[in-house]
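J.: Let me begin by handing over the structure; questions about it come next.
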2 protein chains.
Amino acid sequence: MDNMKTRDPVEQWGRFEVELNGPADGNPFVEVELLGVFRRGHRAVEVDGFYDGEGVYRLRFLPDMTGEWSWTTRSNRPALDGRSGTFRCVEPGEGNRGPVRVRNTFHFAYEDGTPYRPIGTTCYAWNHQGDAREEQTLATLAASPFNKLRMCLFPKHYEFSRNEPPRHAFATDQAGALDLTRFHPDYFRHLELRIGQLRDLGIEADLILFHPYDRWGYAQMPPDVDDRVLRYVVARLAAYRNVWWSFANEYDLLKAKSPADWDRFFRIVQARDPYQHLRSIHNCRGFYDHAKPWVTHCSIQRPELDRVAEWRRQYGKPVIVDECCYEGDIQHNWGNLTAKELVHRFWLGTTRGGYVGHGETYYNDEEVLWWSKGGVLRGGSPKRLAFLRAVLDDAPPEGLDPVEMGGGLRVAGRPGEYYLAYLGNTQPRWKVFPLPDDAAFRIDVIDTWEMTVTPVAGTHRGETRVDLPAKPHIAVRIRREA
Amino acid sequence: MDNMKTRDPVEQWGRFEVELNGPADGNPFVEVELLGVFRRGHRAVEVDGFYDGEGVYRLRFLPDMTGEWSWTTRSNRPALDGRSGTFRCVEPGEGNRGPVRVRNTFHFAYEDGTPYRPIGTTCYAWNHQGDAREEQTLATLAASPFNKLRMCLFPKHYEFSRNEPPRHAFATDQAGALDLTRFHPDYFRHLELRIGQLRDLGIEADLILFHPYDRWGYAQMPPDVDDRVLRYVVARLAAYRNVWWSFANEYDLLKAKSPADWDRFFRIVQARDPYQHLRSIHNCRGFYDHAKPWVTHCSIQRPELDRVAEWRRQYGKPVIVDECCYEGDIQHNWGNLTAKELVHRFWLGTTRGGYVGHGETYYNDEEVLWWSKGGVLRGGSPKRLAFLRAVLDDAPPEGLDPVEMGGGLRVAGRPGEYYLAYLGNTQPRWKVFPLPDDAAFRIDVIDTWEMTVTPVAGTHRGETRVDLPAKPHIAVRIRREA
């Protein structure tokens, strides 16, 4: 059960919460400061508290070690200052592996060391559709291969997404205008409910903090409001282990923001988030400089998946091509790929050492397109992405890096151990692989579309010719014999 | 009948030939100079003669006007000097439209004004395979859509092409070594036979003068031999109206040649060819500077057909992507495209304002692969390229230039008159076209793979939504109502 106060004991990477009563007069959102300090042994972790309305203040904490923790508060209001307590943190429960971190420069792992290979999808405004649709989306996700979801903090105004959201992030005045000095706690409680449900499904919430598709004013708030939003969101959400900070979708279309604004946003969250959740920013056209130190990984919109290896070299970080266009049939070229083409792009990106994102835009009379509103999946790619995910689950935990094997082969793997070659749109009858001479390898021919794995008889070493079915979308997996 | 002396009268753009007897002693190939001057009214055209062995010298001429022509000779040998004669040039026969020229900056036309839209193929060494195979190739070409053929002057040594050629271009000594000072006239007579047969099939011979695939020494001749080869080839072949000069295949792999060598080769042929046949040079990786004045059009190897519009802008000349990889199933990525992918690339290049070349590399036990040896075609692309050719035959004679219509549409045409949009790998259910308001247009939906043309009911103007079959490889043709 999510939206309740967490009890003692709390599990490691679970959410511990302190509820405090304090002043409700004036505007607590801007006037009241509340800080919590959580201690275990020699360690002290500072976290921002937040006002949750009706005189209630909360401190949330994501403990990363088992054992006895204590906490104290500091505040500019006596009722909230100098409060303290303790709690016990116990072993994580089933499926709780901690937040996702960058590992091995270009890859990811949960904090417990389990590899995490993002197979993400996109439902930008699913959390602004009302309970019936949102629960349908959760059910669809539960049966899907996706372990990451791109979603927007604020409501979305765009083609096929014109409906009024059930709630706004700020209080509204009589005329319906947003009061940018007062958050609407219900809005955030709803968001937390959904993020917690994603967590329970094993799905990382790649939360998009700003985006340009707006008719209410969220895309053009003054800098002090932007900054307060960031601090409030971090105070509320950082204790959810599955949160990632995506500073923008198509940051370069947010005309009211300057490059310096984006740098400042990153630095605010970098300073305030005690757990250092992943941070990225997604382009429309030109890239933000992903080399900047506060960017943990590249979040890219581009259809050219063969460039992933170049971006890895350029930025020295993991590359997720979150948008390479979507499976669908609408008029826009970003939303009318065949399932085959999208699955092809996943394999291209994977075998260039990166990760790729899914989205679906099949038109229907209700105008409920998955990429925006969620709902149901209609396409042919998800089951093939489940197959890809299974192949990756069986790959080396360190992740797949591009391997140069010559002969125009597109291969990722770990030299000497594991090779995953993808032959893309080509249809060769055979390929020659220059394997090491000093080990024996087992070989499988994988049909990425038909989802079959066909072992090649025997073991192999040195220059090895592999006969192939002379059709497109074939991969070859080569593993050193145990 | 080709290899015979042409009789008077000769047709316009036919081959007139003068046979003269002269000295056979010494080495006529290097010692004897022979020049012909052909006159009609105030015009005088100088052409080089050549030694054809056994004391026979020839002057060949490609008359470009009907009427009475006269000729005289100059030579450093008395027997060949001051000879003269006349002949009559009459209207061209059926199918004879003259040499191909650049027209409208980015396109081509025969000299009689008929548009020429290259749909080329590649049989590099077909003319070095012996009569049976060569005649089979000609029969295949006769039933094909191709109107241009890339072929090599010299024999080819490469994977799947290891057989010894029936003849060499130079005399051989007892040990089989080439005597680079003496041409072998039979070799060139055979080449002329084949080029004449291509001409009679309506096929332009894109003759590759140098190439790197060699075990005999043709790729590493001294500069004086290279230059003599060029002069001899021009003297023999320029009177064939269907000859194009392709200075190299993969010039950048000919390590013995410098950039200055290629410039010199172009200038020699530019100076010696009285008819200014088309001149180009084909890359492997980096491009030769196609902006140089002696280059008539870009001959490109690259798979990225969407860049054709960029290359048009860069060089200001027609763009032919002669190699965008081939339909086939061999191990090399340049030779294992599906038919669908190759046809797709043709449509991409066409709707970016360029032209694309075909090649086929299906493996077979005889190792007779079309791209190298000719023979038969096995693939699925030729009939679809015939369909494309028919679509182009029906397009404006000025040629198709990229048209900016917004909305991510890939369109070529003539604004206000004719638009050919290609939707590529996408599968939209509809597209919106911003047509002019001041005219009515008829619209056809074209399935480029199924080869169907489906008219849309009615006529249309202004912003027009066109419903589509939601499958890939669809084109939309929009023509102003007559």
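Chain identifiers are assigned as A, B, and so on, following the order in which chains appear in the structure tokens; residues are numbered from 1 within each chain, and ligands are numbered from 1 in order of appearance.
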Apply DSSP to the backbone of this structure and, from region 118-322 of chain B, keep only the residues in strand (DSSP E or B); write these as a ChimeraX atom specification.

T.: /B:120-122,148-152,158,161,170-172,178-183,204-210,243-248,279-280,282,298-301,319-322

J.: Give me the chain A side of the contact with chain B, cut-off 8 Å, one line per residue showing its nearest atom pair and distance in Å at one decimal, counting only C-alpha atoms, sorted by chain and residue number, as JSON lines.

T.:
```
{"residue": "A:Gly328", "atom": "CA", "partner": "B:Gln427", "partner_atom": "CA", "distance": 7.3}
{"residue": "A:Asp329", "atom": "CA", "partner": "B:Pro428", "partner_atom": "CA", "distance": 4.1}
{"residue": "A:Ile330", "atom": "CA", "partner": "B:Pro428", "partner_atom": "CA", "distance": 5.0}
{"residue": "A:Gln331", "atom": "CA", "partner": "B:Lys431", "partner_atom": "CA", "distance": 5.0}
{"residue": "A:His332", "atom": "CA", "partner": "B:Gly407", "partner_atom": "CA", "distance": 7.1}
{"residue": "A:Asn333", "atom": "CA", "partner": "B:Gly408", "partner_atom": "CA", "distance": 6.4}
{"residue": "A:Asn336", "atom": "CA", "partner": "B:Thr426", "partner_atom": "CA", "distance": 5.1}
{"residue": "A:Leu337", "atom": "CA", "partner": "B:Thr426", "partner_atom": "CA", "distance": 4.8}
{"residue": "A:Thr338", "atom": "CA", "partner": "B:Gln427", "partner_atom": "CA", "distance": 6.3}
{"residue": "A:Glu341", "atom": "CA", "partner": "B:Asn425", "partner_atom": "CA", "distance": 7.5}
{"residue": "A:Gly407", "atom": "CA", "partner": "B:His332", "partner_atom": "CA", "distance": 7.1}
{"residue": "A:Gly408", "atom": "CA", "partner": "B:Asn333", "partner_atom": "CA", "distance": 6.4}
{"residue": "A:Asn425", "atom": "CA", "partner": "B:Leu337", "partner_atom": "CA", "distance": 6.7}
{"residue": "A:Thr426", "atom": "CA", "partner": "B:Leu337", "partner_atom": "CA", "distance": 4.8}
{"residue": "A:Gln427", "atom": "CA", "partner": "B:Asn336", "partner_atom": "CA", "distance": 5.2}
{"residue": "A:Pro428", "atom": "CA", "partner": "B:Asp329", "partner_atom": "CA", "distance": 4.1}
{"residue": "A:Arg429", "atom": "CA", "partner": "B:Asp329", "partner_atom": "CA", "distance": 5.4}
{"residue": "A:Trp430", "atom": "CA", "partner": "B:Gln331", "partner_atom": "CA", "distance": 5.4}
{"residue": "A:Lys431", "atom": "CA", "partner": "B:Gln331", "partner_atom": "CA", "distance": 5.0}
{"residue": "A:Val432", "atom": "CA", "partner": "B:Gln331", "partner_atom": "CA", "distance": 7.4}
{"residue": "A:Ala470", "atom": "CA", "partner": "B:Asp329", "partner_atom": "CA", "distance": 6.1}
{"residue": "A:Lys471", "atom": "CA", "partner": "B:Thr338", "partner_atom": "CA", "distance": 7.8}
{"residue": "A:Pro472", "atom": "CA", "partner": "B:Thr338", "partner_atom": "CA", "distance": 7.4}
```

J.: Pick out the closest residue to Leu59 (chain A) from this set: A:His42, A:His190, A:Arg74, A:Arg228. Count only C-alpha atoms.

T.: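 Ranking A:His42, A:His190, A:Arg74, A:Arg228 by distance to Leu59 (chain A), first place goes to A:Arg74.
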
J.: May I have the residues within 6 Å of region 108-115 of chain A as a ChimeraX atom specification, using only C-alpha atoms and disregarding those fewer than 2 positions away in the same chain?

T.: /A:97-103,397

J.: Measure the distance from CA of Leu342 (chain A) to CA of Gly374 (chain A) in Å and round it to one decimal.

T.: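 Going from CA of Leu342 (chain A) over to CA of Gly374 (chain A) covers 18.4 Å.
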
J.: Report, in Å with one decimal, the straight-line distance from CA of Lys317 (chain B) to CA of Asn104 (chain B).

T.: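 Atom-to-atom, CA of Lys317 (chain B) to CA of Asn104 (chain B), that is 9.2 Å.
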
J.: Can you list, as a VMD selection string, every protein, DNA or RNA residue that comes within 12 Å of Phe87 (chain B) when you count only C-alpha atoms, leaving out same-chain residues fewer than 2 positions away?

T.: chain B and resid 6 to 12 15 to 18 38 to 40 61 63 66 to 72 84 to 85 89 to 90

J.: Store the residues picked out above, limited to N, CA and C atoms, as a PDB file, in the first residue's frame.

T.:
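So again-v8.pdb came out as:
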```pdb
ATOM      1  N   THR B   6      31.884   1.125 -91.396  1.00  0.00           N
ATOM      2  CA  THR B   6      30.586   1.742 -91.612  1.00  0.00           C
ATOM      3  C   THR B   6      30.519   2.323 -93.019  1.00  0.00           C
ATOM      4  N   ARG B   7      29.401   2.151 -93.654  1.00  0.00           N
ATOM      5  CA  ARG B   7      29.258   2.601 -95.043  1.00  0.00           C
ATOM      6  C   ARG B   7      28.647   3.990 -95.111  1.00  0.00           C
ATOM      7  N   ASP B   8      28.816   4.607 -96.232  1.00  0.00           N
ATOM      8  CA  ASP B   8      28.187   5.875 -96.575  1.00  0.00           C
ATOM      9  C   ASP B   8      26.850   5.548 -97.214  1.00  0.00           C
ATOM     10  N   PRO B   9      25.693   6.156 -96.907  1.00  0.00           N
ATOM     11  CA  PRO B   9      25.587   7.188 -95.882  1.00  0.00           C
ATOM     12  C   PRO B   9      25.555   6.599 -94.473  1.00  0.00           C
ATOM     13  N   VAL B  10      25.888   7.488 -93.493  1.00  0.00           N
ATOM     14  CA  VAL B  10      25.853   7.091 -92.100  1.00  0.00           C
ATOM     15  C   VAL B  10      24.765   7.914 -91.421  1.00  0.00           C
ATOM     16  N   GLU B  11      24.138   7.352 -90.427  1.00  0.00           N
ATOM     17  CA  GLU B  11      23.083   8.139 -89.774  1.00  0.00           C
ATOM     18  C   GLU B  11      23.672   9.076 -88.710  1.00  0.00           C
ATOM     19  N   GLN B  12      22.965  10.123 -88.447  1.00  0.00           N
ATOM     20  CA  GLN B  12      23.370  11.047 -87.388  1.00  0.00           C
ATOM     21  C   GLN B  12      23.567  10.260 -86.092  1.00  0.00           C
ATOM     22  N   ARG B  15      28.174   5.683 -86.411  1.00  0.00           N
ATOM     23  CA  ARG B  15      29.631   5.675 -86.409  1.00  0.00           C
ATOM     24  C   ARG B  15      30.140   5.652 -87.837  1.00  0.00           C
ATOM     25  N   PHE B  16      30.778   6.738 -88.254  1.00  0.00           N
ATOM     26  CA  PHE B  16      31.440   6.740 -89.562  1.00  0.00           C
ATOM     27  C   PHE B  16      32.888   6.312 -89.371  1.00  0.00           C
ATOM     28  N   GLU B  17      33.390   5.519 -90.299  1.00  0.00           N
ATOM     29  CA  GLU B  17      34.761   5.032 -90.124  1.00  0.00           C
ATOM     30  C   GLU B  17      35.520   5.084 -91.441  1.00  0.00           C
ATOM     31  N   VAL B  18      36.769   5.531 -91.350  1.00  0.00           N
ATOM     32  CA  VAL B  18      37.685   5.522 -92.493  1.00  0.00           C
ATOM     33  C   VAL B  18      38.776   4.492 -92.214  1.00  0.00           C
ATOM     34  N   PHE B  38      37.210  16.548 -89.590  1.00  0.00           N
ATOM     35  CA  PHE B  38      35.910  16.356 -90.238  1.00  0.00           C
ATOM     36  C   PHE B  38      35.241  17.719 -90.326  1.00  0.00           C
ATOM     37  N   ARG B  39      34.739  18.041 -91.523  1.00  0.00           N
ATOM     38  CA  ARG B  39      34.199  19.385 -91.753  1.00  0.00           C
ATOM     39  C   ARG B  39      32.782  19.312 -92.314  1.00  0.00           C
ATOM     40  N   ARG B  40      31.977  20.263 -91.843  1.00  0.00           N
ATOM     41  CA  ARG B  40      30.648  20.443 -92.436  1.00  0.00           C
ATOM     42  C   ARG B  40      30.372  21.927 -92.333  1.00  0.00           C
ATOM     43  N   PHE B  61      34.307   8.550 -86.456  1.00  0.00           N
ATOM     44  CA  PHE B  61      33.662   9.851 -86.278  1.00  0.00           C
ATOM     45  C   PHE B  61      32.182   9.646 -85.968  1.00  0.00           C
ATOM     46  N   PRO B  63      29.015  11.761 -86.278  1.00  0.00           N
ATOM     47  CA  PRO B  63      28.468  13.025 -86.803  1.00  0.00           C
ATOM     48  C   PRO B  63      27.224  13.435 -86.021  1.00  0.00           C
ATOM     49  N   THR B  66      23.054  16.157 -89.801  1.00  0.00           N
ATOM     50  CA  THR B  66      22.856  15.568 -91.131  1.00  0.00           C
ATOM     51  C   THR B  66      23.484  16.483 -92.182  1.00  0.00           C
ATOM     52  N   GLY B  67      23.741  15.922 -93.332  1.00  0.00           N
ATOM     53  CA  GLY B  67      24.271  16.707 -94.450  1.00  0.00           C
ATOM     54  C   GLY B  67      25.583  16.139 -94.951  1.00  0.00           C
ATOM     55  N   GLU B  68      26.267  16.912 -95.758  1.00  0.00           N
ATOM     56  CA  GLU B  68      27.514  16.462 -96.383  1.00  0.00           C
ATOM     57  C   GLU B  68      28.691  16.803 -95.495  1.00  0.00           C
ATOM     58  N   TRP B  69      29.477  15.848 -95.160  1.00  0.00           N
ATOM     59  CA  TRP B  69      30.698  16.047 -94.373  1.00  0.00           C
ATOM     60  C   TRP B  69      31.901  15.694 -95.263  1.00  0.00           C
ATOM     61  N   SER B  70      33.038  16.384 -95.025  1.00  0.00           N
ATOM     62  CA  SER B  70      34.280  15.985 -95.693  1.00  0.00           C
ATOM     63  C   SER B  70      35.327  15.710 -94.632  1.00  0.00           C
ATOM     64  N   TRP B  71      36.349  14.996 -95.005  1.00  0.00           N
ATOM     65  CA  TRP B  71      37.422  14.720 -94.044  1.00  0.00           C
ATOM     66  C   TRP B  71      38.781  14.764 -94.730  1.00  0.00           C
ATOM     67  N   THR B  72      39.778  15.143 -93.946  1.00  0.00           N
ATOM     68  CA  THR B  72      41.163  15.096 -94.403  1.00  0.00           C
ATOM     69  C   THR B  72      41.995  14.539 -93.260  1.00  0.00           C
ATOM     70  N   SER B  84      41.838  12.167 -97.944  1.00  0.00           N
ATOM     71  CA  SER B  84      40.583  12.904 -97.787  1.00  0.00           C
ATOM     72  C   SER B  84      39.418  12.160 -98.395  1.00  0.00           C
ATOM     73  N   GLY B  85      38.228  12.628 -98.099  1.00  0.00           N
ATOM     74  CA  GLY B  85      37.031  12.008 -98.638  1.00  0.00           C
ATOM     75  C   GLY B  85      35.794  12.762 -98.173  1.00  0.00           C
ATOM     76  N   CYS B  89      25.579  12.308 -94.172  1.00  0.00           N
ATOM     77  CA  CYS B  89      24.965  11.924 -92.894  1.00  0.00           C
ATOM     78  C   CYS B  89      23.465  12.139 -92.997  1.00  0.00           C
ATOM     79  N   VAL B  90      22.705  11.101 -92.651  1.00  0.00           N
ATOM     80  CA  VAL B  90      21.248  11.149 -92.812  1.00  0.00           C
ATOM     81  C   VAL B  90      20.567  11.084 -91.447  1.00  0.00           C
TER      82      VAL B  90
END
```
